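In what follows, a structure is listed as structure tokens, so that the remarks can point back to it.
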Amino acid sequence: MELNKSRFSASPMRQVLADYTVSISELKKNPSALLVQASGSPIAVLNHNKPAAYLVPADTYEVMMDLMEHVELAKRLEERQLESALS
């Protein structure tokens with residue numbers, strides 16, 4: 001079982017946003033081995049050569065969630081500052 005180095009865009013509308021790709025059927029065989037092979041890089045999981053999901057390490061996902069929370073908090077702060085300036 002081996003990861004494929006991403007060399008293409010799945011379609012003009014669905015760009016592959018990872019350096020590695022794997023088919024769903026290959027993913028089912030041994031997901032842990034794929035994570036080791038990717039060495040922490042995201043893996044695009046393809047279904048009929050189109051991205052169906054992305055597999056990222058837990059640490060990476062946690063950082064992404066933290067960043068999204070910070071963005072949401074910044075938006076709220078900006079909205080409150082605008083409301084305060086208009087009052």
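Note on naming: chains are A, B, ... as they come in the structure tokens, residues start from 1 per chain, ligands start from 1 in the order shown.
For A:Val56, the non-local neighbours within 8 Å, defined as residues at least 6 positions apart in the same chain or in other chains and counting only C-alpha atoms, are A:Gly40, A:Ser41, A:Pro42, A:Ile43.
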May I have the selected residues written with C-alpha atoms, as a PDB file, in the first residue's frame?
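This went into result_7.pdb:
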```
ATOM      1  CA  GLY A  40       2.271  14.369   9.128  1.00  0.00           C
ATOM      2  CA  SER A  41       1.242  15.760   5.752  1.00  0.00           C
ATOM      3  CA  PRO A  42      -2.446  15.869   4.795  1.00  0.00           C
ATOM      4  CA  ILE A  43      -3.742  13.111   2.516  1.00  0.00           C
TER       5      ILE A  43
END
```
From a backbone DSSP assignment, name each residue in chain A labelled alpha helix (DSSP H), as an MDAnalysis selection string. chainID A and resid 24:29 31:38 58:86
Selected residues, N, CA and C atoms, written as a compact mmCIF listing (two decimals), in the first residue's frame, please.
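Final file, again-v8.txt:
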```txt
# COMPACT_ATOMS: atom_id res chain seq x y z
N ILE A 24 -10.22 5.61 -1.71
CA ILE A 24 -10.96 5.13 -0.55
C ILE A 24 -10.67 3.66 -0.31
N SER A 25 -10.61 2.86 -1.36
CA SER A 25 -10.36 1.43 -1.18
C SER A 25 -8.97 1.18 -0.60
N GLU A 26 -7.96 1.95 -1.00
CA GLU A 26 -6.62 1.80 -0.43
C GLU A 26 -6.61 2.26 1.03
N LEU A 27 -7.35 3.30 1.33
CA LEU A 27 -7.41 3.81 2.69
C LEU A 27 -7.95 2.75 3.64
N LYS A 28 -8.96 2.00 3.20
CA LYS A 28 -9.58 0.97 4.04
C LYS A 28 -8.61 -0.13 4.43
N LYS A 29 -7.60 -0.38 3.61
CA LYS A 29 -6.69 -1.50 3.86
C LYS A 29 -5.82 -1.29 5.10
N PRO A 31 -5.14 2.30 7.20
CA PRO A 31 -5.03 3.76 7.36
C PRO A 31 -3.83 4.18 8.21
N SER A 32 -3.47 3.41 9.21
CA SER A 32 -2.33 3.77 10.06
C SER A 32 -1.03 3.83 9.27
N ALA A 33 -0.83 2.88 8.37
CA ALA A 33 0.38 2.86 7.55
C ALA A 33 0.45 4.09 6.65
N LEU A 34 -0.70 4.52 6.14
CA LEU A 34 -0.72 5.71 5.28
C LEU A 34 -0.32 6.96 6.07
N LEU A 35 -0.80 7.06 7.29
CA LEU A 35 -0.44 8.21 8.12
C LEU A 35 1.07 8.24 8.37
N VAL A 36 1.65 7.08 8.60
CA VAL A 36 3.10 7.00 8.81
C VAL A 36 3.83 7.43 7.54
N GLN A 37 3.38 6.92 6.39
CA GLN A 37 4.03 7.27 5.11
C GLN A 37 3.95 8.76 4.82
N ALA A 38 2.85 9.40 5.19
CA ALA A 38 2.67 10.83 4.89
C ALA A 38 3.48 11.72 5.83
N ALA A 58 -4.14 14.30 14.01
CA ALA A 58 -4.94 14.91 15.08
C ALA A 58 -4.37 16.25 15.53
N ASP A 59 -3.06 16.35 15.66
CA ASP A 59 -2.44 17.62 16.08
C ASP A 59 -2.75 18.74 15.10
N THR A 60 -2.67 18.43 13.82
CA THR A 60 -2.96 19.42 12.78
C THR A 60 -4.41 19.86 12.85
N TYR A 61 -5.32 18.91 13.03
CA TYR A 61 -6.75 19.22 13.13
C TYR A 61 -7.03 20.12 14.33
N GLU A 62 -6.40 19.83 15.46
CA GLU A 62 -6.60 20.64 16.65
C GLU A 62 -6.12 22.07 16.43
N VAL A 63 -5.00 22.25 15.75
CA VAL A 63 -4.50 23.60 15.44
C VAL A 63 -5.49 24.31 14.51
N MET A 64 -6.00 23.58 13.52
CA MET A 64 -6.98 24.18 12.60
C MET A 64 -8.22 24.66 13.35
N MET A 65 -8.72 23.85 14.28
CA MET A 65 -9.90 24.23 15.06
C MET A 65 -9.62 25.46 15.92
N ASP A 66 -8.42 25.51 16.53
CA ASP A 66 -8.04 26.69 17.32
C ASP A 66 -8.01 27.94 16.45
N LEU A 67 -7.43 27.82 15.26
CA LEU A 67 -7.36 28.97 14.36
C LEU A 67 -8.75 29.44 13.94
N MET A 68 -9.63 28.50 13.66
CA MET A 68 -10.99 28.87 13.27
C MET A 68 -11.71 29.56 14.43
N GLU A 69 -11.47 29.10 15.65
CA GLU A 69 -12.07 29.75 16.82
C GLU A 69 -11.56 31.18 16.96
N HIS A 70 -10.26 31.38 16.75
CA HIS A 70 -9.68 32.72 16.83
C HIS A 70 -10.27 33.65 15.77
N VAL A 71 -10.46 33.13 14.58
CA VAL A 71 -11.06 33.94 13.50
C VAL A 71 -12.48 34.35 13.89
N GLU A 72 -13.25 33.42 14.43
CA GLU A 72 -14.63 33.71 14.84
C GLU A 72 -14.65 34.75 15.97
N LEU A 73 -13.76 34.61 16.92
CA LEU A 73 -13.68 35.60 18.01
C LEU A 73 -13.28 36.97 17.49
N ALA A 74 -12.37 37.01 16.54
CA ALA A 74 -11.96 38.29 15.95
C ALA A 74 -13.12 38.96 15.23
N LYS A 75 -13.95 38.16 14.54
CA LYS A 75 -15.13 38.72 13.86
C LYS A 75 -16.10 39.32 14.86
N ARG A 76 -16.34 38.59 15.96
CA ARG A 76 -17.25 39.11 16.99
C ARG A 76 -16.73 40.40 17.60
N LEU A 77 -15.45 40.44 17.89
CA LEU A 77 -14.84 41.64 18.45
C LEU A 77 -14.99 42.82 17.50
N GLU A 78 -14.73 42.56 16.22
CA GLU A 78 -14.86 43.62 15.22
C GLU A 78 -16.31 44.13 15.14
N GLU A 79 -17.28 43.22 15.18
CA GLU A 79 -18.69 43.60 15.15
C GLU A 79 -19.05 44.45 16.36
N ARG A 80 -18.58 44.05 17.53
CA ARG A 80 -18.87 44.82 18.75
C ARG A 80 -18.22 46.19 18.73
N GLN A 81 -17.01 46.27 18.21
CA GLN A 81 -16.34 47.56 18.10
C GLN A 81 -17.10 48.48 17.15
N LEU A 82 -17.61 47.91 16.06
CA LEU A 82 -18.38 48.69 15.10
C LEU A 82 -19.69 49.16 15.74
N GLU A 83 -20.38 48.27 16.44
CA GLU A 83 -21.62 48.65 17.14
C GLU A 83 -21.36 49.75 18.16
N SER A 84 -20.26 49.64 18.89
CA SER A 84 -19.92 50.61 19.91
C SER A 84 -19.60 51.97 19.27
N ALA A 85 -18.95 51.96 18.13
CA ALA A 85 -18.60 53.21 17.44
C ALA A 85 -19.84 53.89 16.88
N LEU A 86 -20.84 53.12 16.51
CA LEU A 86 -22.07 53.67 15.93
C LEU A 86 -23.04 54.17 17.01
```
Filtered DSSP result for chain A, state strand (DSSP E or B), as a JSON list (two decimals) with all heavy atoms, in the first residue's frame:
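Contents of selection01.json, freshly written:
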```json
[["chain", "number", "residue", "atom", "x", "y", "z"],
["A", 4, "ASN", "N", 0.12, 8.13, -3.14],
["A", 4, "ASN", "CA", 0.52, 8.71, -4.42],
["A", 4, "ASN", "C", 0.86, 10.17, -4.19],
["A", 4, "ASN", "O", 0.17, 10.88, -3.47],
["A", 4, "ASN", "CB", -0.64, 8.62, -5.42],
["A", 4, "ASN", "CG", -1.04, 7.20, -5.69],
["A", 4, "ASN", "OD1", -0.19, 6.37, -5.97],
["A", 4, "ASN", "ND2", -2.32, 6.92, -5.58],
["A", 5, "LYS", "N", 1.94, 10.62, -4.80],
["A", 5, "LYS", "CA", 2.29, 12.03, -4.75],
["A", 5, "LYS", "C", 1.31, 12.75, -5.66],
["A", 5, "LYS", "O", 1.11, 12.38, -6.82],
["A", 5, "LYS", "CB", 3.73, 12.22, -5.24],
["A", 5, "LYS", "CG", 4.26, 13.61, -5.06],
["A", 5, "LYS", "CD", 4.56, 13.88, -3.60],
["A", 5, "LYS", "CE", 5.28, 15.21, -3.48],
["A", 5, "LYS", "NZ", 5.20, 15.78, -2.18],
["A", 20, "TYR", "N", -0.34, 14.43, -0.98],
["A", 20, "TYR", "CA", -0.52, 13.00, -1.17],
["A", 20, "TYR", "C", -1.98, 12.66, -1.41],
["A", 20, "TYR", "O", -2.86, 13.32, -0.88],
["A", 20, "TYR", "CB", -0.01, 12.21, 0.05],
["A", 20, "TYR", "CG", 1.45, 12.42, 0.31],
["A", 20, "TYR", "CD1", 1.88, 13.31, 1.29],
["A", 20, "TYR", "CD2", 2.41, 11.74, -0.43],
["A", 20, "TYR", "CE1", 3.24, 13.51, 1.52],
["A", 20, "TYR", "CE2", 3.75, 11.92, -0.21],
["A", 20, "TYR", "CZ", 4.16, 12.81, 0.77],
["A", 20, "TYR", "OH", 5.49, 13.01, 1.00],
["A", 21, "THR", "N", -2.19, 11.62, -2.20],
["A", 21, "THR", "CA", -3.55, 11.15, -2.46],
["A", 21, "THR", "C", -3.63, 9.64, -2.25],
["A", 21, "THR", "O", -2.62, 8.94, -2.37],
["A", 21, "THR", "CB", -4.01, 11.46, -3.90],
["A", 21, "THR", "OG1", -3.16, 10.78, -4.82],
["A", 21, "THR", "CG2", -4.01, 12.96, -4.19],
["A", 22, "VAL", "N", -4.83, 9.17, -1.96],
["A", 22, "VAL", "CA", -5.08, 7.74, -1.82],
["A", 22, "VAL", "C", -6.55, 7.51, -2.16],
["A", 22, "VAL", "O", -7.39, 8.37, -1.93],
["A", 22, "VAL", "CB", -4.75, 7.26, -0.38],
["A", 22, "VAL", "CG1", -5.68, 7.85, 0.65],
["A", 22, "VAL", "CG2", -4.73, 5.76, -0.30],
["A", 23, "SER", "N", -6.84, 6.37, -2.74],
["A", 23, "SER", "CA", -8.23, 6.04, -3.02],
["A", 23, "SER", "C", -8.91, 5.54, -1.75],
["A", 23, "SER", "O", -8.24, 5.10, -0.80],
["A", 23, "SER", "CB", -8.32, 4.94, -4.09],
["A", 23, "SER", "OG", -7.84, 3.71, -3.57],
["A", 43, "ILE", "N", -3.53, 14.07, 3.60],
["A", 43, "ILE", "CA", -3.74, 13.11, 2.52],
["A", 43, "ILE", "C", -5.13, 13.36, 1.94],
["A", 43, "ILE", "O", -6.11, 13.37, 2.68],
["A", 43, "ILE", "CB", -3.67, 11.66, 3.03],
["A", 43, "ILE", "CG1", -2.33, 11.38, 3.71],
["A", 43, "ILE", "CG2", -3.93, 10.67, 1.91],
["A", 43, "ILE", "CD1", -2.30, 10.08, 4.50],
["A", 44, "ALA", "N", -5.22, 13.57, 0.65],
["A", 44, "ALA", "CA", -6.52, 13.69, -0.01],
["A", 44, "ALA", "C", -7.04, 12.29, -0.30],
["A", 44, "ALA", "O", -6.35, 11.47, -0.91],
["A", 44, "ALA", "CB", -6.39, 14.48, -1.31],
["A", 45, "VAL", "N", -8.25, 12.00, 0.16],
["A", 45, "VAL", "CA", -8.88, 10.71, -0.08],
["A", 45, "VAL", "C", -9.79, 10.89, -1.29],
["A", 45, "VAL", "O", -10.70, 11.71, -1.28],
["A", 45, "VAL", "CB", -9.69, 10.24, 1.15],
["A", 45, "VAL", "CG1", -10.31, 8.89, 0.88],
["A", 45, "VAL", "CG2", -8.79, 10.21, 2.39],
["A", 46, "LEU", "N", -9.50, 10.13, -2.35],
["A", 46, "LEU", "CA", -10.21, 10.30, -3.61],
["A", 46, "LEU", "C", -11.27, 9.23, -3.82],
["A", 46, "LEU", "O", -11.06, 8.06, -3.50],
["A", 46, "LEU", "CB", -9.23, 10.26, -4.79],
["A", 46, "LEU", "CG", -8.05, 11.24, -4.75],
["A", 46, "LEU", "CD1", -7.18, 11.05, -5.98],
["A", 46, "LEU", "CD2", -8.54, 12.67, -4.63],
["A", 47, "ASN", "N", -12.39, 9.66, -4.37],
["A", 47, "ASN", "CA", -13.45, 8.75, -4.78],
["A", 47, "ASN", "C", -13.72, 9.07, -6.25],
["A", 47, "ASN", "O", -14.13, 10.19, -6.56],
["A", 47, "ASN", "CB", -14.70, 8.96, -3.93],
["A", 47, "ASN", "CG", -15.78, 7.96, -4.22],
["A", 47, "ASN", "OD1", -15.51, 6.87, -4.73],
["A", 47, "ASN", "ND2", -17.01, 8.32, -3.91],
["A", 50, "LYS", "N", -11.86, 12.18, -7.46],
["A", 50, "LYS", "CA", -12.28, 13.48, -6.93],
["A", 50, "LYS", "C", -12.09, 13.46, -5.42],
["A", 50, "LYS", "O", -12.37, 12.45, -4.78],
["A", 50, "LYS", "CB", -13.75, 13.76, -7.26],
["A", 50, "LYS", "CG", -14.00, 13.92, -8.73],
["A", 50, "LYS", "CD", -15.46, 14.18, -8.98],
["A", 50, "LYS", "CE", -15.71, 14.25, -10.48],
["A", 50, "LYS", "NZ", -17.13, 14.32, -10.78],
["A", 51, "PRO", "N", -11.62, 14.57, -4.84],
["A", 51, "PRO", "CA", -11.44, 14.60, -3.39],
["A", 51, "PRO", "C", -12.78, 14.37, -2.67],
["A", 51, "PRO", "O", -13.76, 15.06, -2.93],
["A", 51, "PRO", "CB", -10.92, 16.00, -3.10],
["A", 51, "PRO", "CG", -10.45, 16.53, -4.40],
["A", 51, "PRO", "CD", -11.23, 15.83, -5.46],
["A", 52, "ALA", "N", -12.80, 13.36, -1.80],
["A", 52, "ALA", "CA", -13.99, 13.07, -1.00],
["A", 52, "ALA", "C", -13.77, 13.50, 0.45],
["A", 52, "ALA", "O", -14.72, 13.82, 1.15],
["A", 52, "ALA", "CB", -14.31, 11.58, -1.06],
["A", 53, "ALA", "N", -12.50, 13.50, 0.87],
["A", 53, "ALA", "CA", -12.16, 13.87, 2.25],
["A", 53, "ALA", "C", -10.67, 14.14, 2.32],
["A", 53, "ALA", "O", -9.92, 13.82, 1.39],
["A", 53, "ALA", "CB", -12.53, 12.74, 3.20],
["A", 54, "TYR", "N", -10.28, 14.74, 3.42],
["A", 54, "TYR", "CA", -8.86, 14.94, 3.70],
["A", 54, "TYR", "C", -8.55, 14.30, 5.04],
["A", 54, "TYR", "O", -9.31, 14.44, 6.01],
["A", 54, "TYR", "CB", -8.50, 16.43, 3.73],
["A", 54, "TYR", "CG", -8.51, 17.04, 2.36],
["A", 54, "TYR", "CD1", -9.66, 17.64, 1.85],
["A", 54, "TYR", "CD2", -7.38, 16.99, 1.55],
["A", 54, "TYR", "CE1", -9.69, 18.17, 0.57],
["A", 54, "TYR", "CE2", -7.40, 17.53, 0.27],
["A", 54, "TYR", "CZ", -8.55, 18.11, -0.21],
["A", 54, "TYR", "OH", -8.57, 18.64, -1.48],
["A", 55, "LEU", "N", -7.46, 13.59, 5.09],
["A", 55, "LEU", "CA", -7.01, 12.93, 6.31],
["A", 55, "LEU", "C", -5.83, 13.73, 6.84],
["A", 55, "LEU", "O", -4.82, 13.88, 6.15],
["A", 55, "LEU", "CB", -6.59, 11.50, 5.98],
["A", 55, "LEU", "CG", -6.16, 10.59, 7.10],
["A", 55, "LEU", "CD1", -7.28, 10.42, 8.13],
["A", 55, "LEU", "CD2", -5.77, 9.23, 6.54]]
```
